[in-house]
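Colleague: To start, I am sharing the structure in question, which I have written as structure tokens.
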Amino acid sequence: MPAKQKVRSSSGLRSALLSDRGVTIELLDGRREEATLAHPLNPEEDSLEVILARNDKTHTYSLSEICSISMPGTPSQFALFSECEVDEVETVTGKRYCVRILEPHKYQTGFFGFDTNSENPHRLLFFTLFGARERRQARFLGKILEEEGLVGHGAVEEALRTQEQLRTRRVGEIIAHHNNLPQETIEHTLQEAMEKGYVPARARVGDILIAAGLVTREQVEKALATQEDGKKKKVGELLIDRGLITQRQLLAALATKFRMRCVDLETIVPSPDALMSLPVDLIHRMQVLPIEVHPHHIVVATSEPTNPMVGDTLRFYTSCGVELVVATADQIAAAVEKYYGKSADAVQALIGEMSDADVVMNEEVDDSQLDEADSQVITLVNRILIDGYLKSVSDIHFEPSMGSKPLQVRYRMDGECHIEHQIPAAYKHAVISRIKIISKLDIAERRRPQSGKILMRYEGRKIEYRVEITPTIGGHEDAVLRVLSNARPLRLEEGGFAPDYLEAFQELITKPYGIVLCVGPTGSGKTTTLHSALAHINTPALKIWTAEDPVEITQPGLRQVQVYQKIGLTFQEALRSFLRSDPDVIMVGEMRDRETAKTAIEASLTGHLVFSTLHTNSAPETAVRLIEMGMDPFTFSDALLGILAQRLARKLCEHCKAAYQPDAVEVERLVNLYGAQWFKKHGLEVEPEKITLMRKVGCEKCGGTGYHGRIAVHELLVGTEKVKAAIKKQAPAERLRKLGLEEGMRTLKMDGIRKVLDGITDVSQVLRVCL
């Protein structure tokens, strides 16, 4: 509409709103009231004050009670709407109007229209958002598709003819077509049956053909279903079947016809209020997504703009106005699963075909006393545990949400968590209780943390899960399961060591006595590295004891002890027992307290090789931490062989990573991250044209992430004479770091940058795990 016309229209419409003439109000319950406006109609307000004709009393209606407001039209108003397109509007009371609608003047509460019926004295109407059930253009869908250049006129005409043929096809014709029967044979059979009087009253054609042995009952039922489907076929579907338009194009055309907005849910984040505005089961059942909440209405995405029941149902549940917008079914399904989790049907799909016979648990529960719902939960939990094991995840996180939001299941793979399943809220307490039962924990205790273990045997393989239950807000409990069965000792050569580090570490672990520490945060591969070291030196000539909590990796030839705090079998107690059991090598899973650390260091000075772990950030910091814990600096420095700090960075996928030449800016960044002084001193290349790096791409093997597997990044501080002297003087961590660099150590970040230059990982992954 031209700008001048918009101004004229706005002025004319304003005069209509200021009119004090009589109006007819149609209420949502079907009642009609004749009245006079007490104040000008303002569509931005949520109420209307009128003087009722039946008693001359002033009454205020909420717009949420009103279906439509009709008022007398004038020639000048008709001129305002004369160039507007004609739409069909159906109200919730079932009345239909053909009106011209002034598009620029749509309000959050409704819209104005001018009735095309010249015999109606109340030709100017205001339809509330609560009262307009459906609004559509008078143009046919085929015409819209033609005008948008998607199909030609001939294609639409052909689709209409096909539609008519499908609606009028007889069952006999369909049977003949599907079963390669001549039409003459069917007609002859029917004629013969009628002539012989075999046809009872109300006999169906299919029954006659079955009795004649021409077809089976199944073939007739299939033909009837085909006939019913054919009657429901719409022009748009026929055009899609012929490959003339896509589903998305049809949806856009339908949105145009029904005056709805098309939205891209991949670029929209629904507001929290919107997500809570509809029942979750309704959202799953109707496949709709609420995206906005306004004072007078909510905005909901649907993929079925032609289905009036969508709006009716939503208005019933919300008791407010509903603006429907259009999105594809795939986008809605993905968004519903993202924000609300899987439906009960999806949970059934997750359960799949697995039977209880596939899994043997370590529980002592009488499953015969469990009802059908319990059996579903049993199979669901088993399925998730096995799924995590088969996908080689390190941890499975069960995270119940507040209210009706789903139970979220996240997997940690290659060091990163991602959402794998979302289970309806109805299952959340049962799932956590099931985990507690099979890990032999107290299901009645929901206020304190609990630790346990699950033993499972699947297809002959033993799987172990370490379970930690932690109470969270809202009376919920989180469960985190560490999958232990995937852990195995690697050869040291497979541990990601740089050649010089590998040689130095192998030299340390073959010493006859002393202590070697492996440090880093939880999940950084410390235990795997120590078991690799044990495997490297494991021979019948050596007696090797280990104390672990839990025992994650087993090796033949090792005598392994599971620490059990409840009965007093601590690391310290196990270590004392080892010293009386003729050991050569001792591995202590973790030095958690001062006494364990002191005993381990003393053991290393009495002719034993001791391995242990500690939760510290770097190798130099570890020495300082132990002294702060009360270790004697002279004793510790004499015992120290070396400290290995470790992190795990994600590897670039070997199947899809791509080589490229970095520019000068990127090389300069690498040099600065490594340290310019040490970059040159360590003989690394600085000319961009001589450096080839790798970047992530993404493929089916890595799930499109560009990363697959992890590589260890190391920092090895060897107990040289200078390092030991500094420890005796209780040098700070920074001094030890500088001294270590001078003695051949590389920091975690340096080792990570080397792996970037080797094309194993990229800078972003190194910086995720290193300061």
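Within each chain, counting starts at residue 1; across the structure tokens, chains are named A, B, ... in the order shown, with ligands numbered 1 upward in that order.
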Pick out each residue of region 492-581 of chain A that DSSP on the backbone tags as strand (DSSP E); I need them as a list in words.
Modeller: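 Put together, the selection reads Gly514, Ile515, Val516, Leu517, Cys518, Val519, Ile544, Trp545, Thr546, Ala547, Glu548, Leu558, Arg559, Gln560, Val561 and Gln562 of chain A.
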Colleague: Put those residues in a file: all heavy atoms, as a short mmCIF file (atom, residue, chain, number, x, y, z; two decimals), in the first residue's frame.
Modeller:
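The result, written out as selection.cif:
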```
data_model
loop_
_atom_site.label_atom_id
_atom_site.label_comp_id
_atom_site.auth_asym_id
_atom_site.auth_seq_id
_atom_site.Cartn_x
_atom_site.Cartn_y
_atom_site.Cartn_z
N GLY A 514 62.28 -45.14 44.97
CA GLY A 514 61.93 -43.74 44.80
C GLY A 514 60.44 -43.60 44.54
O GLY A 514 59.68 -44.59 44.49
N ILE A 515 59.97 -42.37 44.38
CA ILE A 515 58.54 -42.13 44.18
C ILE A 515 58.31 -41.37 42.88
O ILE A 515 59.03 -40.42 42.55
CB ILE A 515 57.92 -41.37 45.38
CG1 ILE A 515 56.39 -41.34 45.26
CG2 ILE A 515 58.49 -39.97 45.53
CD1 ILE A 515 55.68 -40.89 46.54
N VAL A 516 57.33 -41.82 42.12
CA VAL A 516 56.89 -41.18 40.88
C VAL A 516 55.43 -40.78 41.06
O VAL A 516 54.59 -41.62 41.39
CB VAL A 516 57.03 -42.12 39.67
CG1 VAL A 516 56.48 -41.44 38.41
CG2 VAL A 516 58.48 -42.52 39.46
N LEU A 517 55.14 -39.51 40.85
CA LEU A 517 53.79 -38.99 41.03
C LEU A 517 53.19 -38.61 39.68
O LEU A 517 53.88 -38.04 38.82
CB LEU A 517 53.80 -37.77 41.95
CG LEU A 517 54.31 -38.00 43.38
CD1 LEU A 517 54.39 -36.68 44.13
CD2 LEU A 517 53.40 -38.97 44.12
N CYS A 518 51.94 -38.95 39.52
CA CYS A 518 51.18 -38.53 38.32
C CYS A 518 50.05 -37.64 38.81
O CYS A 518 49.23 -38.08 39.63
CB CYS A 518 50.65 -39.74 37.57
SG CYS A 518 49.94 -39.34 35.96
N VAL A 519 49.98 -36.40 38.34
CA VAL A 519 49.04 -35.43 38.91
C VAL A 519 48.16 -34.82 37.83
O VAL A 519 48.50 -34.80 36.65
CB VAL A 519 49.80 -34.31 39.66
CG1 VAL A 519 50.69 -34.90 40.74
CG2 VAL A 519 50.64 -33.46 38.70
N ILE A 544 54.28 -56.71 42.73
CA ILE A 544 53.66 -55.40 42.60
C ILE A 544 52.31 -55.42 43.32
O ILE A 544 51.44 -56.25 43.04
CB ILE A 544 53.44 -55.03 41.11
CG1 ILE A 544 54.78 -55.06 40.37
CG2 ILE A 544 52.79 -53.66 40.99
CD1 ILE A 544 54.66 -54.83 38.86
N TRP A 545 52.15 -54.47 44.26
CA TRP A 545 50.89 -54.30 44.98
C TRP A 545 50.24 -52.97 44.56
O TRP A 545 50.95 -51.98 44.36
CB TRP A 545 51.12 -54.25 46.49
CG TRP A 545 51.47 -55.56 47.13
CD1 TRP A 545 52.72 -56.04 47.40
CD2 TRP A 545 50.55 -56.54 47.61
NE1 TRP A 545 52.66 -57.26 48.01
CE2 TRP A 545 51.33 -57.60 48.15
CE3 TRP A 545 49.16 -56.65 47.64
CZ2 TRP A 545 50.76 -58.73 48.71
CZ3 TRP A 545 48.59 -57.78 48.19
CH2 TRP A 545 49.38 -58.81 48.72
N THR A 546 48.91 -52.97 44.46
CA THR A 546 48.20 -51.72 44.20
C THR A 546 47.03 -51.58 45.17
O THR A 546 46.37 -52.57 45.51
CB THR A 546 47.64 -51.64 42.77
OG1 THR A 546 46.48 -52.48 42.65
CG2 THR A 546 48.67 -52.07 41.74
N ALA A 547 46.80 -50.36 45.63
CA ALA A 547 45.63 -50.03 46.44
C ALA A 547 44.85 -48.96 45.68
O ALA A 547 45.39 -47.87 45.41
CB ALA A 547 46.05 -49.52 47.81
N GLU A 548 43.60 -49.27 45.33
CA GLU A 548 42.83 -48.37 44.45
C GLU A 548 41.40 -48.22 44.95
O GLU A 548 40.87 -49.12 45.61
CB GLU A 548 42.83 -48.91 43.02
CG GLU A 548 44.22 -49.11 42.44
CD GLU A 548 44.20 -49.90 41.15
OE1 GLU A 548 43.77 -49.34 40.12
OE2 GLU A 548 44.60 -51.08 41.18
N LEU A 558 49.55 -58.50 38.90
CA LEU A 558 49.45 -57.48 39.95
C LEU A 558 48.57 -58.01 41.08
O LEU A 558 47.58 -58.70 40.83
CB LEU A 558 48.83 -56.19 39.39
CG LEU A 558 49.77 -55.15 38.78
CD1 LEU A 558 50.57 -55.74 37.63
CD2 LEU A 558 48.97 -53.93 38.30
N ARG A 559 48.93 -57.69 42.32
CA ARG A 559 48.08 -57.99 43.46
C ARG A 559 47.35 -56.70 43.80
O ARG A 559 47.94 -55.75 44.31
CB ARG A 559 48.91 -58.49 44.65
CG ARG A 559 49.89 -59.60 44.34
CD ARG A 559 49.29 -60.71 43.51
NE ARG A 559 48.15 -61.32 44.16
CZ ARG A 559 47.17 -61.93 43.55
NH1 ARG A 559 47.17 -62.00 42.21
NH2 ARG A 559 46.18 -62.47 44.22
N GLN A 560 46.06 -56.68 43.50
CA GLN A 560 45.29 -55.43 43.58
C GLN A 560 44.29 -55.48 44.72
O GLN A 560 43.58 -56.48 44.91
CB GLN A 560 44.57 -55.18 42.25
CG GLN A 560 45.56 -54.97 41.10
CD GLN A 560 44.88 -54.77 39.75
OE1 GLN A 560 44.81 -55.70 38.96
NE2 GLN A 560 44.39 -53.56 39.51
N VAL A 561 44.21 -54.39 45.46
CA VAL A 561 43.36 -54.28 46.64
C VAL A 561 42.37 -53.15 46.44
O VAL A 561 42.76 -52.03 46.06
CB VAL A 561 44.19 -54.05 47.92
CG1 VAL A 561 43.29 -53.81 49.13
CG2 VAL A 561 45.12 -55.22 48.16
N GLN A 562 41.10 -53.45 46.72
CA GLN A 562 40.05 -52.44 46.66
C GLN A 562 39.93 -51.78 48.03
O GLN A 562 39.65 -52.43 49.03
CB GLN A 562 38.72 -53.08 46.28
CG GLN A 562 37.50 -52.18 46.43
CD GLN A 562 37.44 -51.10 45.36
OE1 GLN A 562 37.47 -51.41 44.18
NE2 GLN A 562 37.37 -49.85 45.78
#
```
Colleague: Fewer than 6 positions away in the same chain doesn't count, so skip those; otherwise give me all residues within 12 Å of Gln677 (chain A), counting only C-alpha atoms, as a VMD selection string.
Modeller: chain A and resid 671 683 to 684 741 to 742 750
Colleague: With N, CA and C atoms kept, could you save the residues just selected as a PDB file, in the first residue's frame?
Modeller:
```pdb
ATOM      1  N   VAL A 671      53.677 -19.042  18.723  1.00  0.00           N
ATOM      2  CA  VAL A 671      54.971 -18.719  19.341  1.00  0.00           C
ATOM      3  C   VAL A 671      54.753 -18.081  20.708  1.00  0.00           C
ATOM      4  N   GLY A 683      64.094 -25.303  19.071  1.00  0.00           N
ATOM      5  CA  GLY A 683      64.315 -25.633  17.659  1.00  0.00           C
ATOM      6  C   GLY A 683      63.053 -25.798  16.843  1.00  0.00           C
ATOM      7  N   LEU A 684      61.977 -25.096  17.193  1.00  0.00           N
ATOM      8  CA  LEU A 684      60.722 -25.216  16.449  1.00  0.00           C
ATOM      9  C   LEU A 684      60.715 -24.237  15.275  1.00  0.00           C
ATOM     10  N   LEU A 741      62.231 -25.831  33.480  1.00  0.00           N
ATOM     11  CA  LEU A 741      62.407 -25.506  32.069  1.00  0.00           C
ATOM     12  C   LEU A 741      63.888 -25.538  31.686  1.00  0.00           C
ATOM     13  N   GLU A 742      64.727 -25.034  32.569  1.00  0.00           N
ATOM     14  CA  GLU A 742      66.158 -25.058  32.295  1.00  0.00           C
ATOM     15  C   GLU A 742      66.712 -26.486  32.280  1.00  0.00           C
ATOM     16  N   MET A 750      53.150 -25.986  26.466  1.00  0.00           N
ATOM     17  CA  MET A 750      54.187 -26.210  25.458  1.00  0.00           C
ATOM     18  C   MET A 750      54.006 -27.557  24.766  1.00  0.00           C
TER      19      MET A 750
END
```
Colleague: Mind checking which residues fall within 9 Å of Leu673 (chain A), counting only C-alpha atoms, ignoring those fewer than 3 positions away in the same chain, and posting them as a ChimeraX atom specification?
Modeller: /A:668-670,676,749-750,753
Colleague: With N, CA and C atoms retained, write the just-selected residues as a compact mmCIF listing (two decimals), in the first residue's frame.
Modeller:
```txt
# COMPACT_ATOMS: atom_id res chain seq x y z
N GLU A 668 52.48 -16.47 14.87
CA GLU A 668 52.90 -15.60 15.97
C GLU A 668 52.14 -15.93 17.26
N ARG A 669 50.87 -16.27 17.10
CA ARG A 669 50.09 -16.65 18.27
C ARG A 669 50.64 -17.94 18.90
N LEU A 670 50.98 -18.91 18.05
CA LEU A 670 51.55 -20.16 18.56
C LEU A 670 52.86 -19.91 19.28
N ALA A 676 58.18 -17.25 23.34
CA ALA A 676 59.09 -16.96 22.23
C ALA A 676 60.50 -17.44 22.51
N LYS A 749 51.21 -26.54 28.38
CA LYS A 749 50.84 -25.76 27.20
C LYS A 749 51.87 -25.95 26.09
N MET A 750 53.15 -25.99 26.47
CA MET A 750 54.19 -26.21 25.46
C MET A 750 54.01 -27.56 24.77
N ILE A 753 51.12 -27.34 22.37
CA ILE A 753 51.44 -26.62 21.13
C ILE A 753 52.25 -27.52 20.20
```
Colleague: Using only C-alpha atoms, which residue out of A:Leu609, A:Val723, A:Met309, A:Ile760 lies closest to Leu652 (chain A)?
Modeller: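 For Leu652 (chain A), the nearest of the candidates is A:Ile760.
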